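Containing compact mmCIF, C-alpha atoms: model.txt.
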# COMPACT_ATOMS: atom_id res chain seq x y z
CA MET A 204 111.15 192.33 326.54
CA GLU A 205 109.51 189.20 327.79
CA LYS A 206 110.57 185.81 326.42
CA ILE A 207 107.90 183.58 324.92
CA THR A 208 107.40 179.85 325.36
CA ILE A 209 106.48 177.82 322.29
CA HIS A 210 104.83 174.39 322.40
CA PHE A 211 104.80 172.58 319.08
CA ASN A 212 105.55 169.33 317.34
CA LEU A 213 108.85 169.21 315.46
CA ASN A 214 109.44 166.23 313.19
CA GLY A 215 107.05 164.05 315.18
CA LYS A 216 108.25 165.04 318.67
CA ASP A 217 106.44 167.38 321.04
CA VAL A 218 108.72 170.24 322.01
CA CYS A 219 108.46 173.11 324.48
CA ARG A 220 111.07 175.86 324.17
CA GLU A 221 111.59 179.38 325.45
CA THR A 222 112.84 181.95 322.97
CA ASP A 223 112.89 185.66 322.03
CA PRO A 224 109.63 187.08 320.65
CA ASN A 225 111.38 188.72 317.68
CA LYS A 226 112.84 185.50 316.24
CA ARG A 227 111.76 184.46 312.81
CA LEU A 228 110.83 180.80 312.46
CA ILE A 229 113.96 180.14 310.38
CA ASP A 230 116.23 181.54 313.12
CA PHE A 231 114.37 179.62 315.81
CA LEU A 232 114.66 176.35 313.87
CA ARG A 233 118.36 176.81 313.04
CA ASP A 234 119.74 178.52 316.15
CA ASP A 235 117.52 177.13 318.92
CA MET A 236 116.52 173.75 317.51
CA GLY A 237 119.63 172.93 315.43
CA MET A 238 117.70 172.22 312.24
CA LEU A 239 120.48 173.21 309.84
CA SER A 240 118.75 171.83 306.74
CA VAL A 241 116.64 175.01 306.75
CA LYS A 242 118.61 177.32 304.47
CA GLU A 243 118.47 181.08 304.29
CA GLY A 244 118.52 182.40 300.73
CA CYS A 245 116.72 185.63 299.89
CA SER A 246 115.07 186.33 303.29
CA GLU A 247 111.94 187.61 301.58
CA GLY A 248 109.95 184.56 300.53
CA GLU A 249 111.06 184.53 296.92
CA CYS A 250 113.52 181.63 296.77
CA GLY A 251 112.03 178.82 298.87
CA ALA A 252 115.35 177.63 300.35
CA CYS A 253 113.90 178.00 303.87
CA THR A 254 110.76 175.97 303.08
CA VAL A 255 109.35 173.83 305.89
CA ILE A 256 106.01 172.02 306.18
CA PHE A 257 103.68 173.67 308.71
CA ASN A 258 100.40 171.88 309.42
CA GLY A 259 100.64 170.01 306.11
CA GLU A 260 101.36 173.05 303.94
CA THR A 261 104.69 174.38 302.70
CA VAL A 262 105.66 177.80 304.08
CA THR A 263 108.75 180.00 303.84
CA SER A 264 110.12 180.04 307.39
CA CYS A 265 111.79 183.42 306.82
CA LEU A 266 108.33 185.03 306.74
CA MET A 267 106.95 183.67 310.01
CA LEU A 268 107.59 184.56 313.60
CA ALA A 269 108.59 181.63 315.81
CA GLY A 270 105.55 182.20 318.04
CA GLN A 271 103.22 181.53 315.13
CA VAL A 272 103.90 177.76 315.21
CA GLU A 273 102.39 177.47 318.71
CA GLY A 274 100.30 174.30 318.86
CA GLY A 275 101.19 173.31 315.29
CA GLU A 276 103.28 170.70 313.51
CA VAL A 277 106.53 171.53 311.72
CA ILE A 278 108.47 169.17 309.46
CA THR A 279 112.00 169.94 308.29
CA LEU A 280 114.23 167.76 306.15
CA GLU A 281 115.60 166.21 309.37
CA GLY A 282 112.17 164.63 309.84
CA VAL A 283 111.86 163.14 306.37
CA ALA A 284 114.36 160.21 306.39
CA ASP A 285 113.17 156.66 307.07
CA GLU A 286 114.17 154.78 310.20
CA GLY A 287 117.91 154.47 310.79
CA ASP A 288 118.50 157.68 308.82
CA ARG A 289 118.02 155.91 305.52
CA PRO A 290 116.92 158.21 302.68
CA ASN A 291 113.17 158.04 302.16
CA TYR A 292 111.68 157.33 298.73
CA ILE A 293 111.79 160.96 297.59
CA GLN A 294 115.38 161.48 298.74
CA GLN A 295 116.38 158.19 297.08
CA ALA A 296 114.80 159.31 293.80
CA PHE A 297 116.76 162.61 293.97
CA ILE A 298 119.98 160.59 294.47
CA ASP A 299 119.19 158.04 291.75
CA VAL A 300 118.41 160.55 289.04
CA GLY A 301 121.09 163.12 289.94
CA ALA A 302 118.69 165.91 290.91
CA VAL A 303 121.19 167.51 293.29
CA GLN A 304 124.02 169.79 292.22
CA CYS A 305 125.08 172.43 294.74
CA GLY A 306 122.36 171.19 297.09
CA PHE A 307 121.27 174.50 298.58
CA CYS A 308 117.71 174.30 297.26
CA THR A 309 117.40 170.54 297.85
CA PRO A 310 115.88 170.53 301.39
CA GLY A 311 113.14 172.92 300.26
CA MET A 312 112.57 171.01 297.02
CA ILE A 313 112.18 167.69 298.85
CA LEU A 314 109.76 169.22 301.37
CA SER A 315 107.66 170.75 298.57
CA ALA A 316 107.64 167.34 296.87
CA LYS A 317 106.68 165.63 300.14
CA ALA A 318 103.83 168.06 300.85
CA LEU A 319 102.51 167.43 297.33
CA LEU A 320 102.80 163.63 297.40
CA ASP A 321 101.32 163.40 300.91
CA LYS A 322 98.20 165.19 299.64
CA ASN A 323 98.11 163.94 296.08
CA PRO A 324 99.89 160.61 295.49
CA ALA A 325 99.35 160.76 291.71
CA PRO A 326 100.22 164.29 290.54
CA SER A 327 100.71 165.11 286.86
CA ARG A 328 104.00 166.64 285.66
CA GLU A 329 102.24 170.01 285.58
CA GLU A 330 101.04 169.65 289.17
CA ILE A 331 104.61 168.83 290.19
CA GLN A 332 105.84 171.97 288.43
CA THR A 333 103.26 174.07 290.28
CA ALA A 334 104.17 172.48 293.62
CA ILE A 335 107.85 173.47 293.24
CA SER A 336 107.15 176.85 291.62
CA GLY A 337 108.14 178.59 294.87
CA ASN A 338 111.53 176.86 295.03
CA LEU A 339 114.30 178.35 292.93
CA CYS A 340 117.19 176.22 291.68
CA ARG A 341 120.05 177.93 289.87
CA CYS A 342 121.95 174.74 288.94
CA THR A 343 119.82 171.98 287.53
CA GLY A 344 117.39 173.65 285.17
CA TYR A 345 114.65 171.77 287.08
CA THR A 346 114.30 168.86 284.64
CA LYS A 347 116.07 166.32 286.86
CA ILE A 348 114.19 167.54 289.92
CA ILE A 349 110.83 167.07 288.23
CA ASP A 350 112.01 163.66 286.92
CA ALA A 351 112.97 162.67 290.47
CA ILE A 352 109.55 163.58 291.85
CA GLU A 353 107.91 161.58 289.05
CA ILE A 354 110.12 158.60 289.90
CA ALA A 355 109.20 158.94 293.57
CA ARG A 356 105.51 159.09 292.62
CA ASP A 357 105.85 155.98 290.45
CA ALA A 358 107.83 154.14 293.15
CA ARG A 359 104.81 154.54 295.40
CA GLY A 360 102.50 153.25 292.69
CA GLY A 361 100.98 156.67 292.06
CA ALA A 362 101.65 156.71 288.29
CA LYS A 363 98.75 157.83 286.17
CA ALA A 364 97.51 155.29 283.65
CA MET B 116 114.96 192.70 314.14
CA ARG B 117 114.28 195.01 317.10
CA THR B 118 112.64 193.23 319.98
CA PHE B 119 109.00 193.71 320.97
CA ASP B 120 106.31 192.38 323.28
CA TYR B 121 104.38 189.59 321.65
CA HIS B 122 100.62 189.32 322.09
CA ALA B 123 98.74 186.33 320.70
CA PRO B 124 95.12 186.41 321.88
CA ALA B 125 92.55 183.76 320.95
CA THR B 126 89.55 186.08 320.54
CA VAL B 127 88.67 189.28 318.67
CA GLU B 128 87.51 190.86 321.95
CA GLU B 129 90.96 190.45 323.53
CA ALA B 130 92.68 191.57 320.31
CA VAL B 131 90.80 194.89 320.09
CA GLN B 132 91.54 195.60 323.78
CA ILE B 133 95.26 195.13 323.09
CA LEU B 134 95.00 197.38 320.01
CA ALA B 135 93.21 200.06 322.03
CA LYS B 136 95.92 199.98 324.68
CA TYR B 137 99.01 200.09 322.43
CA GLN B 138 97.58 201.65 319.27
CA ASP B 139 100.48 204.04 318.65
CA ASP B 140 103.16 201.40 318.97
CA ILE B 141 101.80 198.12 317.61
CA ALA B 142 101.85 196.11 314.38
CA VAL B 143 99.34 193.39 313.52
CA ILE B 144 100.66 190.16 312.04
CA ALA B 145 98.52 187.70 310.10
CA GLY B 146 100.33 185.93 307.24
CA GLY B 147 103.44 188.03 307.83
CA THR B 148 104.58 187.93 304.21
CA ASP B 149 104.89 191.72 304.12
CA LEU B 150 105.32 192.60 307.80
CA ILE B 151 108.31 190.37 308.60
CA ILE B 152 110.31 191.99 305.81
CA GLU B 153 109.40 195.46 307.10
CA LEU B 154 110.42 194.49 310.64
CA LYS B 155 113.66 192.93 309.47
CA GLU B 156 114.63 195.90 307.32
CA GLY B 157 113.77 198.25 310.17
CA HIS B 158 111.04 200.09 308.21
CA LYS B 159 108.74 199.37 311.14
CA LYS B 160 109.91 199.30 314.75
CA PRO B 161 106.86 198.58 316.90
CA GLY B 162 107.20 197.98 320.63
CA HIS B 163 104.34 195.47 320.41
CA VAL B 164 103.28 192.87 317.87
CA LEU B 165 99.74 191.49 317.81
CA ASP B 166 99.64 188.00 316.30
CA ILE B 167 96.02 187.35 315.28
CA THR B 168 96.62 183.89 313.78
CA ARG B 169 95.43 182.16 316.95
CA ILE B 170 91.94 183.64 316.54
CA LYS B 171 90.62 180.50 314.91
CA ASP B 172 87.15 181.82 314.07
CA LEU B 173 88.55 184.47 311.70
CA LYS B 174 89.44 181.85 309.06
CA TYR B 175 86.35 181.00 307.01
CA ILE B 176 84.42 181.52 303.82
CA LYS B 177 80.68 180.98 303.72
CA GLU B 178 77.55 181.85 301.80
CA GLU B 179 74.89 183.44 303.97
CA GLU B 180 71.75 185.45 303.11
CA GLY B 181 72.85 185.90 299.51
CA ARG B 182 76.30 187.11 300.49
CA VAL B 183 79.77 185.65 300.43
CA LYS B 184 81.52 186.27 303.75
CA ILE B 185 85.27 185.81 304.10
CA GLY B 186 87.20 185.85 307.37
CA PRO B 187 90.38 187.95 307.17
CA LEU B 188 92.57 184.97 308.10
CA ALA B 189 91.42 182.96 305.07
CA THR B 190 94.71 182.21 303.33
CA PHE B 191 95.02 182.09 299.55
CA SER B 192 95.59 178.31 299.64
CA PHE B 193 92.50 177.89 301.86
CA LEU B 194 90.42 179.81 299.31
CA GLU B 195 92.04 178.02 296.36
CA SER B 196 90.95 174.62 297.70
CA ASN B 197 87.48 175.76 298.79
CA ALA B 198 84.52 174.30 296.86
CA LEU B 199 82.44 177.52 296.99
CA VAL B 200 85.32 179.46 295.42
CA ARG B 201 86.01 176.82 292.79
CA GLU B 202 82.40 176.35 291.77
CA LYS B 203 80.73 179.73 292.18
CA LEU B 204 83.43 182.41 292.29
CA PRO B 205 85.62 181.84 289.21
CA ALA B 206 87.17 185.32 289.28
CA LEU B 207 88.24 184.95 292.92
CA TYR B 208 89.61 181.49 292.11
CA GLU B 209 91.55 182.92 289.16
CA THR B 210 92.99 185.54 291.54
CA VAL B 211 94.04 183.39 294.48
CA LYS B 212 95.69 180.63 292.47
CA TYR B 213 98.25 183.00 290.96
CA VAL B 214 99.28 184.80 294.16
CA GLY B 215 103.02 184.44 294.86
CA SER B 216 103.98 180.79 295.23
CA PRO B 217 102.56 177.76 297.09
CA GLN B 218 104.48 178.84 300.21
CA ILE B 219 103.19 182.42 300.00
CA ARG B 220 99.64 181.18 299.39
CA SER B 221 99.83 179.05 302.57
CA LEU B 222 100.77 182.13 304.60
CA GLY B 223 99.22 185.17 302.92
CA THR B 224 95.70 186.14 303.95
CA ILE B 225 92.90 188.03 302.25
CA GLY B 226 92.73 190.42 305.23
CA GLY B 227 96.43 191.24 305.05
CA ASN B 228 96.19 191.77 301.31
CA VAL B 229 93.31 194.25 301.73
CA VAL B 230 94.78 196.17 304.69
CA ASN B 231 98.29 196.41 303.25
CA ALA B 232 96.75 197.98 300.14
CA SER B 233 99.79 197.42 297.95
CA VAL B 234 99.46 198.89 294.46
CA ALA B 235 100.53 195.48 293.15
CA GLY B 236 98.32 193.43 295.49
CA ASP B 237 96.28 190.62 294.02
CA SER B 238 92.89 190.52 295.73
CA PRO B 239 91.80 194.19 296.19
CA THR B 240 91.07 194.52 292.46
CA VAL B 241 88.74 191.53 292.24
CA LEU B 242 87.10 192.33 295.59
CA LEU B 243 86.24 195.82 294.34
CA THR B 244 84.66 194.23 291.25
CA TYR B 245 82.56 191.99 293.48
CA ASP B 246 81.47 195.24 295.24
CA ALA B 247 82.91 194.17 298.57
CA GLU B 248 82.59 195.87 301.91
CA VAL B 249 84.76 195.48 304.99
CA VAL B 250 83.81 195.07 308.65
CA LEU B 251 86.10 196.84 311.12
CA LYS B 252 85.97 196.17 314.85
CA SER B 253 87.40 198.10 317.76
CA ALA B 254 86.82 198.29 321.49
CA GLU B 255 84.36 201.11 320.69
CA GLY B 256 82.21 199.12 318.29
CA GLU B 257 81.91 198.20 314.65
CA ARG B 258 82.11 200.07 311.34
CA ILE B 259 81.11 198.84 307.92
CA MET B 260 82.63 200.51 304.90
CA SER B 261 82.64 199.86 301.16
CA LEU B 262 86.01 198.73 299.85
CA HIS B 263 85.83 201.68 297.47
CA GLU B 264 85.90 204.13 300.41
CA PHE B 265 88.37 201.97 302.31
CA ASN B 266 91.15 202.05 299.67
CA LEU B 267 93.06 205.31 300.05
CA GLY B 268 96.25 204.77 298.09
CA PRO B 269 99.54 202.87 298.14
CA GLY B 270 99.93 201.14 301.50
CA ASN B 271 97.11 203.23 302.88
CA CYS B 272 93.55 202.42 303.86
CA ALA B 273 90.89 203.87 306.13
CA ILE B 274 91.45 201.48 309.04
CA ARG B 275 92.02 203.23 312.38
CA LYS B 276 94.96 202.20 314.56
CA ASP B 277 92.61 200.68 317.13
CA GLU B 278 90.63 198.66 314.58
CA LEU B 279 90.85 195.10 313.33
CA LEU B 280 89.45 193.97 309.98
CA THR B 281 87.09 191.13 310.87
CA GLU B 282 85.25 190.36 307.61
CA VAL B 283 85.26 191.00 303.88
CA ARG B 284 81.90 190.36 302.22
CA PHE B 285 80.10 190.86 298.94
CA PRO B 286 76.86 189.87 297.21
CA MET B 287 76.89 186.37 295.72
CA PRO B 288 76.57 186.80 291.94
CA GLU B 289 73.15 185.69 290.74
CA GLU B 290 71.90 184.06 287.54
CA GLY B 291 72.77 186.36 284.64
CA GLU B 292 75.70 187.97 286.49
CA GLY B 293 79.36 187.17 285.84
CA VAL B 294 82.71 188.30 287.23
CA SER B 295 86.05 187.88 285.47
CA TYR B 296 89.70 188.57 286.35
CA PHE B 297 92.95 188.54 284.43
CA LYS B 298 96.41 189.27 285.81
CA ILE B 299 99.56 190.14 283.91
CA GLY B 300 102.74 189.41 285.85
CA LYS B 301 106.34 189.14 284.71
CA ARG B 302 106.11 185.37 284.96
CA LYS B 303 103.69 182.78 286.25
CA ALA B 304 105.04 182.13 289.76
CA LEU B 305 106.25 184.59 292.38
CA ALA B 306 105.12 187.57 290.36
CA ILE B 307 103.42 190.66 291.72
CA VAL B 308 100.68 192.22 289.63
CA VAL B 309 101.99 194.35 286.77
CA LEU B 310 98.49 194.95 285.52
CA ALA B 311 95.09 193.41 286.27
CA VAL B 312 91.64 193.81 284.76
CA SER B 313 88.47 192.64 286.45
CA ILE B 314 84.96 193.03 285.06
CA TYR B 315 81.49 192.35 286.46
CA VAL B 316 78.47 192.33 284.17
CA LYS B 317 74.77 191.71 284.55
CA LYS B 318 73.02 190.76 281.34
CA ASP B 319 69.38 191.26 280.36
CA ALA B 320 67.03 188.87 278.55
CA GLN B 321 68.36 190.03 275.16
CA ASN B 322 71.94 189.04 276.12
CA ARG B 323 72.89 192.70 276.43
CA ILE B 324 74.89 194.27 279.25
CA GLU B 325 72.50 195.95 281.67
CA LYS B 326 75.02 196.88 284.33
CA SER B 327 78.78 196.53 284.81
CA ARG B 328 81.73 197.33 287.01
CA VAL B 329 85.14 197.64 285.40
CA VAL B 330 88.21 197.72 287.64
CA LEU B 331 91.83 198.24 286.61
CA GLY B 332 94.48 197.05 289.07
CA ALA B 333 98.09 198.26 289.41
CA VAL B 334 97.37 201.24 287.17
CA ASN B 335 96.42 203.95 289.60
CA LYS B 336 97.31 204.34 293.29
CA HIS B 337 94.61 201.86 294.18
CA PRO B 338 92.29 199.64 292.12
CA MET B 339 90.45 202.05 289.87
CA ARG B 340 86.87 201.84 288.61
CA SER B 341 86.27 203.23 285.16
CA GLU B 342 82.82 204.81 284.90
CA ARG B 343 83.58 205.77 281.34
CA ILE B 344 84.01 202.16 280.24
CA GLU B 345 81.02 201.07 282.35
CA GLU B 346 78.88 203.68 280.56
CA ALA B 347 80.12 202.51 277.17
CA LEU B 348 79.31 198.88 277.97
CA LYS B 349 75.65 199.64 278.68
CA GLY B 350 73.43 197.88 276.13
CA VAL B 351 76.33 196.17 274.35
CA GLU B 352 75.56 192.64 273.23
CA LEU B 353 77.69 189.90 274.84
CA LYS B 354 79.36 188.97 271.55
CA GLU B 355 83.06 189.00 270.78
CA GLU B 356 82.89 191.44 267.86
CA GLU B 357 80.68 193.88 269.81
CA LEU B 358 82.83 193.80 272.94
CA GLU B 359 86.02 194.29 270.94
CA LYS B 360 84.80 197.73 269.91
CA ILE B 361 85.17 198.78 273.57
CA LEU B 362 88.84 197.74 273.85
CA PRO B 363 90.34 201.07 272.65
CA LEU B 364 88.67 202.73 275.65
CA PHE B 365 90.79 200.63 278.00
CA THR B 366 93.91 201.93 276.30
CA GLU B 367 92.64 205.51 276.60
CA GLU B 368 91.87 205.10 280.31
CA VAL B 369 95.36 203.78 281.06
CA GLN B 370 96.96 206.50 278.95
CA LYS B 371 95.00 209.14 280.86
CA ALA B 372 95.74 207.68 284.30
CA ILE B 373 99.50 207.25 283.98
CA ALA B 374 100.51 209.39 281.00
CA ASN B 375 103.87 210.33 282.51
CA ARG B 376 104.95 206.96 283.77
CA PRO B 377 107.48 204.89 281.77
CA SER B 378 105.27 201.80 282.10
CA VAL B 379 102.42 203.46 280.21
CA VAL B 380 103.81 202.28 276.88
CA TYR B 381 103.49 198.68 277.97
CA LYS B 382 100.37 198.94 280.10
CA ARG B 383 98.19 200.75 277.56
CA GLU B 384 98.72 197.84 275.17
CA GLY B 385 98.62 195.08 277.80
CA VAL B 386 95.31 196.29 279.19
CA ARG B 387 93.60 195.52 275.90
CA GLY B 388 94.71 191.87 275.98
CA ALA B 389 93.72 191.51 279.63
CA ALA B 390 90.29 193.05 278.95
CA LYS B 391 89.80 190.73 276.00
CA GLU B 392 90.53 187.74 278.26
CA CYS B 393 88.00 189.07 280.78
CA PHE B 394 85.31 189.37 278.08
CA ARG B 395 86.07 185.79 276.99
CA GLN B 396 85.63 184.53 280.55
CA LEU B 397 82.33 186.42 280.86
CA MET B 398 80.94 185.02 277.62
CA HIS B 399 81.89 181.54 278.80
CA GLN B 400 80.29 182.06 282.23
CA LEU B 401 77.10 183.58 280.84
CA ALA B 402 76.66 181.34 277.78

Let me see whether you can do it: turn the structure in this file into structure tokens.
Amino acid sequence: MEKITIHFNLNGKDVCRETDPNKRLIDFLRDDMGMLSVKEGCSEGECGACTVIFNGETVTSCLMLAGQVEGGEVITLEGVADEGDRPNYIQQAFIDVGAVQCGFCTPGMILSAKALLDKNPAPSREEIQTAISGNLCRCTGYTKIIDAIEIARDARGGAKA
Amino acid sequence: MRTFDYHAPATVEEAVQILAKYQDDIAVIAGGTDLIIELKEGHKKPGHVLDITRIKDLKYIKEEEGRVKIGPLATFSFLESNALVREKLPALYETVKYVGSPQIRSLGTIGGNVVNASVAGDSPTVLLTYDAEVVLKSAEGERIMSLHEFNLGPGNCAIRKDELLTEVRFPMPEEGEGVSYFKIGKRKALAIVVLAVSIYVKKDAQNRIEKSRVVLGAVNKHPMRSERIEEALKGVELKEEELEKILPLFTEEVQKAIANRPSVVYKREGVRGAAKECFRQLMHQLA
């Protein structure tokens, strides 16, 4: 079968890469591009561990073919940190409040939080809950994660009066 | 996943040519939320995959000549954030916002939902209530079919192997018409439909129901219209105590449709609550 060539923007850099047509996006990102923050959990779109941001929206990368990102923009956790690999404001809030236990869901959680805050800088607690409703966490009970996203929102001055 | 040749055309014309050529050995991918799992598990092993997501002009929703027209690549998140849906199509809005999860709503499309025809799918029920029809294109030409004829059963619809769904459309509800939808899932997020009720009514000048369509989702093999309930609703005043008299009929319809299934015990009760919610929405819309 013929290989395909994919042109897309990964974490702010334009990339052109040849790959197999039957690769899922998650396999392409991990195996070809080395983006190991993208975790494989359930492989059927139920757990959110493989979440990436595609053209501004969160998607489960286990349910896309690599070729479907042609011409688009993909952000993984590797593209979230501030300059010099310093944690960005959302990551810092997760660290400060203790929102990470085993850490497997954390990349997806932070990307869901980022997609929300990029679009809506002042979300309510309920809107935060909806935004992470496709990301399962079996350790924290979610409270600290939601707290962290609220702290991140407030750190950016997005708190609701 | 078995390997395949990957086709990603930018136009419908090219897509239907590819379908015509490989029709016995090809799978169409839009959102991919169902197909990728089938490919990965080996339930489908096509030699060719047709990716239609690069056909940019298949992603739209618009109001035209009194009709709502939806492109098959309209994703649930696209519809959820659309002003026409939010302001004028409350039942469709109620449907799309509870599909899967944010990630699934970014990927999943209305076209995929209709063509996959899952018993537990979200949008076919409400689209049948809106009296939708589908437009199917092939290299030979175009067919238009009511969604009622199109739905054939679990995972089955009347699309030919060489055809592409290119539009879903339905009449824009007018003054005095309302459409409601209520879904019961096991939880709020990431839940398939356990049971759904969707009701359209047109009221007359005396606030009585002149015409209705009642659709039950995830009960039968495909969304099911109940002529018996529609008949009973004729002339009923849009008032809570009057509408409540109809609720036992919903239970009877479910009992009749799935008498031998274990879920009947739950569904025949649940349907009443879902129908009640639908009546509430209608009274609110038509007040």

Distance query Ala198 of chain B at most 12 Å, all atoms listed in the file, self and fewer than 2 positions along chain excluded, as a VMD selection string: chain B and resid 176 to 178 193 to 196 200 to 205 207 to 208

Export C-alpha atoms of the chosen residues as a short mmCIF file (atom, residue, chain, number, x, y, z; two decimals), in the frame of the given file?
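Saved the output as again_28.cif:
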data_model
loop_
_atom_site.label_atom_id
_atom_site.label_comp_id
_atom_site.auth_asym_id
_atom_site.auth_seq_id
_atom_site.Cartn_x
_atom_site.Cartn_y
_atom_site.Cartn_z
CA ILE B 176 84.42 181.52 303.82
CA LYS B 177 80.68 180.98 303.72
CA GLU B 178 77.55 181.85 301.80
CA PHE B 193 92.50 177.89 301.86
CA LEU B 194 90.42 179.81 299.31
CA GLU B 195 92.04 178.02 296.36
CA SER B 196 90.95 174.62 297.70
CA VAL B 200 85.32 179.46 295.42
CA ARG B 201 86.01 176.82 292.79
CA GLU B 202 82.40 176.35 291.77
CA LYS B 203 80.73 179.73 292.18
CA LEU B 204 83.43 182.41 292.29
CA PRO B 205 85.62 181.84 289.21
CA LEU B 207 88.24 184.95 292.92
CA TYR B 208 89.61 181.49 292.11
#

Given a cut-off of 9 Å, which residues of chain B touch chain A, counting only C-alpha atoms, written out as a tab-separated table (two decimals) with C-alpha atoms, in the coordinates of the input?
chain	number	residue	atom	x	y	z
B	116	MET	CA	114.96	192.70	314.14
B	117	ARG	CA	114.28	195.01	317.10
B	118	THR	CA	112.64	193.23	319.98
B	119	PHE	CA	109.00	193.71	320.97
B	120	ASP	CA	106.31	192.38	323.28
B	121	TYR	CA	104.38	189.59	321.65
B	123	ALA	CA	98.74	186.33	320.70
B	146	GLY	CA	100.33	185.93	307.24
B	147	GLY	CA	103.44	188.03	307.83
B	148	THR	CA	104.58	187.93	304.21
B	149	ASP	CA	104.89	191.72	304.12
B	150	LEU	CA	105.32	192.60	307.80
B	151	ILE	CA	108.31	190.37	308.60
B	152	ILE	CA	110.31	191.99	305.81
B	166	ASP	CA	99.64	188.00	316.30
B	168	THR	CA	96.62	183.89	313.78
B	169	ARG	CA	95.43	182.16	316.95
B	192	SER	CA	95.59	178.31	299.64
B	215	GLY	CA	103.02	184.44	294.86
B	216	SER	CA	103.98	180.79	295.23
B	217	PRO	CA	102.56	177.76	297.09
B	218	GLN	CA	104.48	178.84	300.21
B	219	ILE	CA	103.19	182.42	300.00
B	220	ARG	CA	99.64	181.18	299.39
B	221	SER	CA	99.83	179.05	302.57
B	222	LEU	CA	100.77	182.13	304.60
B	303	LYS	CA	103.69	182.78	286.25
B	304	ALA	CA	105.04	182.13	289.76
B	305	LEU	CA	106.25	184.59	292.38

Atom CA of Leu279 of chain B to atom CA of Phe211 of chain A, distance in Å rounded to a single decimal: 27.1 Å

Atom CA of Ile141 of chain B to atom CA of His158 of chain B measures 13.3 Å

Of the candidates B:Glu255, B:Glu289, B:Glu248, B:Glu209, which shows the shortest atom-to-atom distance to Ala135 of chain B, using all atoms listed in the file?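 When distances to Ala135 of chain B are compared using all atoms listed in the file, the smallest one comes from B:Glu255.
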
Measure the distance from atom CA of His263 of chain B to atom CA of Pro338 of chain B in Å and round it to one decimal.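 Between atom CA of His263 of chain B and atom CA of Pro338 of chain B the gap works out to 8.6 Å.
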
Residues at most 12 Å from Gly256 of chain B, counting all atoms listed in the file, excluding those fewer than 6 positions away in the same chain, as a CSV table (one decimal) with C-alpha atoms, in the frame of the given file?
chain,number,residue,atom,x,y,z
B,127,VAL,CA,88.7,189.3,318.7
B,128,GLU,CA,87.5,190.9,322.0
B,131,VAL,CA,90.8,194.9,320.1
B,132,GLN,CA,91.5,195.6,323.8
B,135,ALA,CA,93.2,200.1,322.0
B,250,VAL,CA,83.8,195.1,308.6
B,277,ASP,CA,92.6,200.7,317.1
B,278,GLU,CA,90.6,198.7,314.6
B,279,LEU,CA,90.8,195.1,313.3
B,281,THR,CA,87.1,191.1,310.9

Mind listing whatever residues come within 8 Å of the point (75.6, 194.2, 283.1)? Use only C-alpha atoms, file coordinates, and give them as a PDB file with C-alpha atoms, in the coordinates of the input.
ATOM      1  CA  GLU B 292      75.700 187.970 286.490  1.00  0.00           C
ATOM      2  CA  TYR B 315      81.490 192.350 286.460  1.00  0.00           C
ATOM      3  CA  VAL B 316      78.470 192.330 284.170  1.00  0.00           C
ATOM      4  CA  LYS B 317      74.770 191.710 284.550  1.00  0.00           C
ATOM      5  CA  LYS B 318      73.020 190.760 281.340  1.00  0.00           C
ATOM      6  CA  ASP B 319      69.380 191.260 280.360  1.00  0.00           C
ATOM      7  CA  ARG B 323      72.890 192.700 276.430  1.00  0.00           C
ATOM      8  CA  ILE B 324      74.890 194.270 279.250  1.00  0.00           C
ATOM      9  CA  GLU B 325      72.500 195.950 281.670  1.00  0.00           C
ATOM     10  CA  LYS B 326      75.020 196.880 284.330  1.00  0.00           C
ATOM     11  CA  SER B 327      78.780 196.530 284.810  1.00  0.00           C
ATOM     12  CA  ARG B 328      81.730 197.330 287.010  1.00  0.00           C
ATOM     13  CA  LEU B 348      79.310 198.880 277.970  1.00  0.00           C
ATOM     14  CA  LYS B 349      75.650 199.640 278.680  1.00  0.00           C
TER      15      LYS B 349
END

Leaving out Lys347 of chain A and any residue of its chain fewer than 6 positions from it, which residues lie within 10 Å of it when counting all atoms listed in the file, given as a VMD selection string? chain A and resid 296 to 297 300 to 303 353
